[in-house]
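Have a look at protein-v1.pdb below; it lists PDB, C-alpha atoms.
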```pdb
ATOM      1  CA  MET Q  13      25.849   2.218  27.546  1.00  0.00           C
ATOM      2  CA  GLN Q  14      27.358  -0.241  29.983  1.00  0.00           C
ATOM      3  CA  ALA Q  15      24.132  -2.237  30.244  1.00  0.00           C
ATOM      4  CA  VAL Q  16      23.844  -2.599  26.455  1.00  0.00           C
ATOM      5  CA  TYR Q  17      27.503  -3.619  26.280  1.00  0.00           C
ATOM      6  CA  GLU Q  18      27.042  -6.230  29.013  1.00  0.00           C
ATOM      7  CA  VAL Q  19      23.948  -7.714  27.380  1.00  0.00           C
ATOM      8  CA  ALA Q  20      25.707  -7.959  24.007  1.00  0.00           C
ATOM      9  CA  GLU Q  21      28.750  -9.560  25.609  1.00  0.00           C
ATOM     10  CA  ALA Q  22      26.625 -12.063  27.568  1.00  0.00           C
ATOM     11  CA  THR Q  23      25.072 -13.398  24.344  1.00  0.00           C
ATOM     12  CA  GLY Q  24      28.411 -14.891  23.321  1.00  0.00           C
ATOM     13  CA  LEU Q  25      27.902 -13.655  19.762  1.00  0.00           C
ATOM     14  CA  PHE Q  26      30.846 -11.230  19.861  1.00  0.00           C
ATOM     15  CA  THR Q  27      34.404 -11.041  21.043  1.00  0.00           C
ATOM     16  CA  GLU Q  28      34.972  -8.429  23.716  1.00  0.00           C
ATOM     17  CA  ASN Q  29      36.878  -6.090  21.394  1.00  0.00           C
ATOM     18  CA  ASP Q  30      34.158  -6.225  18.732  1.00  0.00           C
ATOM     19  CA  ILE Q  31      31.497  -4.616  20.916  1.00  0.00           C
ATOM     20  CA  LYS Q  32      31.282  -0.852  20.641  1.00  0.00           C
ATOM     21  CA  VAL Q  33      28.457   1.152  22.187  1.00  0.00           C
ATOM     22  CA  ARG Q  34      27.893   4.824  21.448  1.00  0.00           C
ATOM     23  CA  ILE Q  35      25.230   7.315  22.420  1.00  0.00           C
ATOM     24  CA  ASN Q  36      24.186   9.800  19.790  1.00  0.00           C
ATOM     25  CA  PRO Q  37      21.425  12.034  21.186  1.00  0.00           C
ATOM     26  CA  TYR Q  38      19.286  13.779  18.620  1.00  0.00           C
ATOM     27  CA  THR Q  39      18.821  17.501  18.988  1.00  0.00           C
ATOM     28  CA  TYR Q  40      15.866  17.606  16.617  1.00  0.00           C
ATOM     29  CA  TYR Q  41      13.158  14.978  16.369  1.00  0.00           C
ATOM     30  CA  LYS Q  42       9.363  14.697  16.173  1.00  0.00           C
ATOM     31  CA  LEU Q  43       7.264  12.122  17.996  1.00  0.00           C
ATOM     32  CA  GLY Q  44       3.527  11.539  18.015  1.00  0.00           C
ATOM     33  CA  ASN Q  45       1.415  13.718  20.317  1.00  0.00           C
ATOM     34  CA  THR Q  46       1.248  11.134  23.118  1.00  0.00           C
ATOM     35  CA  LYS Q  47       4.940  10.248  23.106  1.00  0.00           C
ATOM     36  CA  LYS Q  48       7.444  12.210  25.192  1.00  0.00           C
ATOM     37  CA  ASP Q  49      10.729  10.398  24.805  1.00  0.00           C
ATOM     38  CA  PHE Q  50      12.366   7.359  23.276  1.00  0.00           C
ATOM     39  CA  ILE Q  51      15.432   5.186  23.049  1.00  0.00           C
ATOM     40  CA  HIS Q  52      16.159   3.478  19.760  1.00  0.00           C
ATOM     41  CA  ILE Q  53      19.180   1.242  19.302  1.00  0.00           C
ATOM     42  CA  PHE Q  54      20.721   0.900  15.857  1.00  0.00           C
ATOM     43  CA  GLY Q  55      22.634  -2.367  16.077  1.00  0.00           C
ATOM     44  CA  ASN Q  56      25.217  -2.718  13.331  1.00  0.00           C
ATOM     45  CA  ILE Q  57      26.900  -6.102  13.395  1.00  0.00           C
ATOM     46  CA  MET Q  58      29.167  -8.110  11.118  1.00  0.00           C
ATOM     47  CA  GLU Q  59      27.298 -10.641   9.014  1.00  0.00           C
ATOM     48  CA  GLY Q  60      27.280 -14.247  10.139  1.00  0.00           C
ATOM     49  CA  ARG Q  61      24.622 -14.534  12.835  1.00  0.00           C
ATOM     50  CA  ASN Q  62      21.324 -16.221  12.116  1.00  0.00           C
ATOM     51  CA  VAL Q  63      17.891 -14.638  12.509  1.00  0.00           C
ATOM     52  CA  GLU Q  64      17.259 -16.318  15.852  1.00  0.00           C
ATOM     53  CA  GLN Q  65      20.554 -14.996  17.288  1.00  0.00           C
ATOM     54  CA  LYS Q  66      19.809 -11.458  16.117  1.00  0.00           C
ATOM     55  CA  ALA Q  67      16.244 -11.623  17.460  1.00  0.00           C
ATOM     56  CA  ASP Q  68      17.540 -12.893  20.806  1.00  0.00           C
ATOM     57  CA  LEU Q  69      20.061 -10.045  20.974  1.00  0.00           C
ATOM     58  CA  SER Q  70      17.329  -7.493  20.230  1.00  0.00           C
ATOM     59  CA  ARG Q  71      14.955  -8.958  22.786  1.00  0.00           C
ATOM     60  CA  LYS Q  72      17.568  -9.135  25.557  1.00  0.00           C
ATOM     61  CA  ILE Q  73      18.675  -5.535  25.029  1.00  0.00           C
ATOM     62  CA  ILE Q  74      15.096  -4.240  25.096  1.00  0.00           C
ATOM     63  CA  GLU Q  75      14.298  -6.341  28.184  1.00  0.00           C
ATOM     64  CA  LYS Q  76      17.266  -4.770  29.995  1.00  0.00           C
ATOM     65  CA  LEU Q  77      16.359  -1.235  28.916  1.00  0.00           C
ATOM     66  CA  ASN Q  78      12.746  -1.840  29.927  1.00  0.00           C
ATOM     67  CA  GLN Q  79      13.926  -2.683  33.462  1.00  0.00           C
ATOM     68  CA  MET Q  80      16.113   0.411  33.586  1.00  0.00           C
ATOM     69  CA  PHE Q  81      13.726   2.896  31.958  1.00  0.00           C
ATOM     70  CA  PRO Q  82      10.104   1.893  32.627  1.00  0.00           C
ATOM     71  CA  HIS Q  83       8.994   5.528  32.127  1.00  0.00           C
ATOM     72  CA  ILE Q  84      10.361   5.848  28.561  1.00  0.00           C
ATOM     73  CA  SER Q  85       7.435   5.623  26.145  1.00  0.00           C
ATOM     74  CA  ILE Q  86       9.328   4.044  23.219  1.00  0.00           C
ATOM     75  CA  LEU Q  87      12.085   1.435  23.510  1.00  0.00           C
ATOM     76  CA  SER Q  88      13.108  -0.145  20.219  1.00  0.00           C
ATOM     77  CA  ILE Q  89      15.994  -1.720  18.341  1.00  0.00           C
ATOM     78  CA  ASN Q  90      16.846  -2.903  14.895  1.00  0.00           C
ATOM     79  CA  ILE Q  91      19.807  -5.026  13.904  1.00  0.00           C
ATOM     80  CA  ARG Q  92      21.552  -4.397  10.595  1.00  0.00           C
ATOM     81  CA  GLU Q  93      24.335  -6.523   9.192  1.00  0.00           C
ATOM     82  CA  PHE Q  94      27.292  -5.256   7.254  1.00  0.00           C
ATOM     83  CA  GLU Q  95      29.307  -7.384   4.869  1.00  0.00           C
ATOM     84  CA  LYS Q  96      32.660  -8.745   5.900  1.00  0.00           C
ATOM     85  CA  ALA Q  97      33.812  -8.385   2.287  1.00  0.00           C
ATOM     86  CA  THR Q  98      33.290  -4.609   2.328  1.00  0.00           C
ATOM     87  CA  TYR Q  99      34.517  -3.957   5.885  1.00  0.00           C
ATOM     88  CA  CYS Q 100      37.927  -2.376   6.371  1.00  0.00           C
ATOM     89  CA  ASN Q 101      39.905  -1.101   9.348  1.00  0.00           C
ATOM     90  CA  ARG Q 102      43.485  -0.119  10.134  1.00  0.00           C
ATOM     91  CA  SER Q 103      44.526  -3.692  10.913  1.00  0.00           C
ATOM     92  CA  LEU Q 104      43.362  -4.945   7.524  1.00  0.00           C
ATOM     93  CA  ILE Q 105      45.534  -2.470   5.605  1.00  0.00           C
ATOM     94  CA  ASN Q 106      48.676  -3.178   7.639  1.00  0.00           C
ATOM     95  CA  PRO Q 107      51.223  -4.736   5.241  1.00  0.00           C
ATOM     96  CA  MET Q 108      52.436  -7.071   8.007  1.00  0.00           C
ATOM     97  CA  ASN Q 109      48.921  -8.533   8.384  1.00  0.00           C
ATOM     98  CA  VAL Q 110      49.308 -11.293   5.806  1.00  0.00           C
ATOM     99  CA  ASN Q 111      46.371 -13.287   7.204  1.00  0.00           C
ATOM    100  CA  LYS Q 112      43.970 -10.311   6.911  1.00  0.00           C
ATOM    101  CA  ASP Q 113      42.963 -10.583  10.579  1.00  0.00           C
ATOM    102  CA  ARG Q 114      40.799  -7.580  11.493  1.00  0.00           C
ATOM    103  CA  HIS Q 115      42.138  -7.804  15.061  1.00  0.00           C
ATOM    104  CA  PHE Q 116      45.799  -7.807  13.976  1.00  0.00           C
ATOM    105  CA  LYS Q 117      48.175  -5.958  16.280  1.00  0.00           C
ATOM    106  CA  LEU Q 118      51.911  -5.417  16.112  1.00  0.00           C
TER     107      LEU Q 118
END
```

What do you get writing this file as structure tokens?
Amino acid sequence: MQAVYEVAEATGLFTENDIKVRINPYTYYKLGNTKKDFIHIFGNIMEGRNVEQKADLSRKIIEKLNQMFPHISILSINIREFEKATYCNRSLINPMNVNKDRHFKL
């Protein structure tokens, strides 16, 4: 988790508080007969980065994981964007947040 966080932070595409890394191991899954294990990253990011930036992020994360886990048969990532217009968090609904800053704090 720390390695993925550090790679994402080093790209300069995100503010420190915007990066969140979680591990969600699957109890049930099926792989092809020759595959024993895998790591797949689902990268969900706020819209606004171009294709080259997202591809660079993907490549750098997989390069780091490849160094760390050379024995893992599948290392993969996909980046999905979510819309700023449909995003909401606690800061955005705070009545004192008149500028609609998603990082608003009292």

Exercise: residues within 12 Å of coordinate (17.9, -6.0, 27.7), counting only C-alpha atoms, as an MDAnalysis selection string: chainID Q and resid 13:23 53 67:81 87:89

For those residues, write C-alpha atoms to a file as a PDB file, keeping the file's coordinate frame.
```
ATOM      1  CA  MET Q  13      25.849   2.218  27.546  1.00  0.00           C
ATOM      2  CA  GLN Q  14      27.358  -0.241  29.983  1.00  0.00           C
ATOM      3  CA  ALA Q  15      24.132  -2.237  30.244  1.00  0.00           C
ATOM      4  CA  VAL Q  16      23.844  -2.599  26.455  1.00  0.00           C
ATOM      5  CA  TYR Q  17      27.503  -3.619  26.280  1.00  0.00           C
ATOM      6  CA  GLU Q  18      27.042  -6.230  29.013  1.00  0.00           C
ATOM      7  CA  VAL Q  19      23.948  -7.714  27.380  1.00  0.00           C
ATOM      8  CA  ALA Q  20      25.707  -7.959  24.007  1.00  0.00           C
ATOM      9  CA  GLU Q  21      28.750  -9.560  25.609  1.00  0.00           C
ATOM     10  CA  ALA Q  22      26.625 -12.063  27.568  1.00  0.00           C
ATOM     11  CA  THR Q  23      25.072 -13.398  24.344  1.00  0.00           C
ATOM     12  CA  ILE Q  53      19.180   1.242  19.302  1.00  0.00           C
ATOM     13  CA  ALA Q  67      16.244 -11.623  17.460  1.00  0.00           C
ATOM     14  CA  ASP Q  68      17.540 -12.893  20.806  1.00  0.00           C
ATOM     15  CA  LEU Q  69      20.061 -10.045  20.974  1.00  0.00           C
ATOM     16  CA  SER Q  70      17.329  -7.493  20.230  1.00  0.00           C
ATOM     17  CA  ARG Q  71      14.955  -8.958  22.786  1.00  0.00           C
ATOM     18  CA  LYS Q  72      17.568  -9.135  25.557  1.00  0.00           C
ATOM     19  CA  ILE Q  73      18.675  -5.535  25.029  1.00  0.00           C
ATOM     20  CA  ILE Q  74      15.096  -4.240  25.096  1.00  0.00           C
ATOM     21  CA  GLU Q  75      14.298  -6.341  28.184  1.00  0.00           C
ATOM     22  CA  LYS Q  76      17.266  -4.770  29.995  1.00  0.00           C
ATOM     23  CA  LEU Q  77      16.359  -1.235  28.916  1.00  0.00           C
ATOM     24  CA  ASN Q  78      12.746  -1.840  29.927  1.00  0.00           C
ATOM     25  CA  GLN Q  79      13.926  -2.683  33.462  1.00  0.00           C
ATOM     26  CA  MET Q  80      16.113   0.411  33.586  1.00  0.00           C
ATOM     27  CA  PHE Q  81      13.726   2.896  31.958  1.00  0.00           C
ATOM     28  CA  LEU Q  87      12.085   1.435  23.510  1.00  0.00           C
ATOM     29  CA  SER Q  88      13.108  -0.145  20.219  1.00  0.00           C
ATOM     30  CA  ILE Q  89      15.994  -1.720  18.341  1.00  0.00           C
TER      31      ILE Q  89
END
```

Stretch 101-108 of chain Q surroundings by only C-alpha atoms, 9 Å radius, close-in-sequence under 5 positions cut, as a ChimeraX atom specification: /Q:113-118

Counting all atoms listed in the file, the option among Q:Thr27, Q:Ile91, Q:Tyr99, Q:Lys112 closest to Q:Asn56: Q:Ile91

Atomic distance atom CA of Q:Ala97 - atom CA of Q:Glu64, expressed in Å with one decimal: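 Interatomic distance, atom CA of Q:Ala97 to atom CA of Q:Glu64: 22.8 Å.
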
Result set of the PyMOL selection byres ((chain Q and resi 92) around 8) on the coordinates above, as a PyMOL selection string: chain Q and resi 54-57+90-91+93-94

Proximity to Q:Gly24 - best of Q:Ser85, Q:Asp49, Q:Gln65, Q:Cys100, all atoms listed in the file: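 For Q:Gly24, the nearest of the given residues is Q:Gln65.
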
Return as AutoDock Vina command-line options the centre and edge lengths, in Å with one decimal, of the box along x, y and z that encloses every atom of stretch 101-114 of chain Q in the file, padded by 4 Å per side.
```
--center_x 46.2 --center_y -6.7 --center_z 8.4 --size_x 20.5 --size_y 21.2 --size_z 14.3
```

Spatial neighbours of Q:Tyr38, 12 Å, only C-alpha atoms, chain gap at least 2 places, as a list in words: Ile35, Asn36, Tyr40, Tyr41, Lys42, Asp49, Phe50, Ile51 and His52 of chain Q

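Put simply, atom CA of Q:Ile84 is 18.9 Å away from atom CA of Q:Arg34.
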
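The residue that comes closest to Q:Lys47, out of Q:Ile31, Q:Leu25, Q:Ile86, Q:Val63 and on the basis of only C-alpha atoms, is Q:Ile86.
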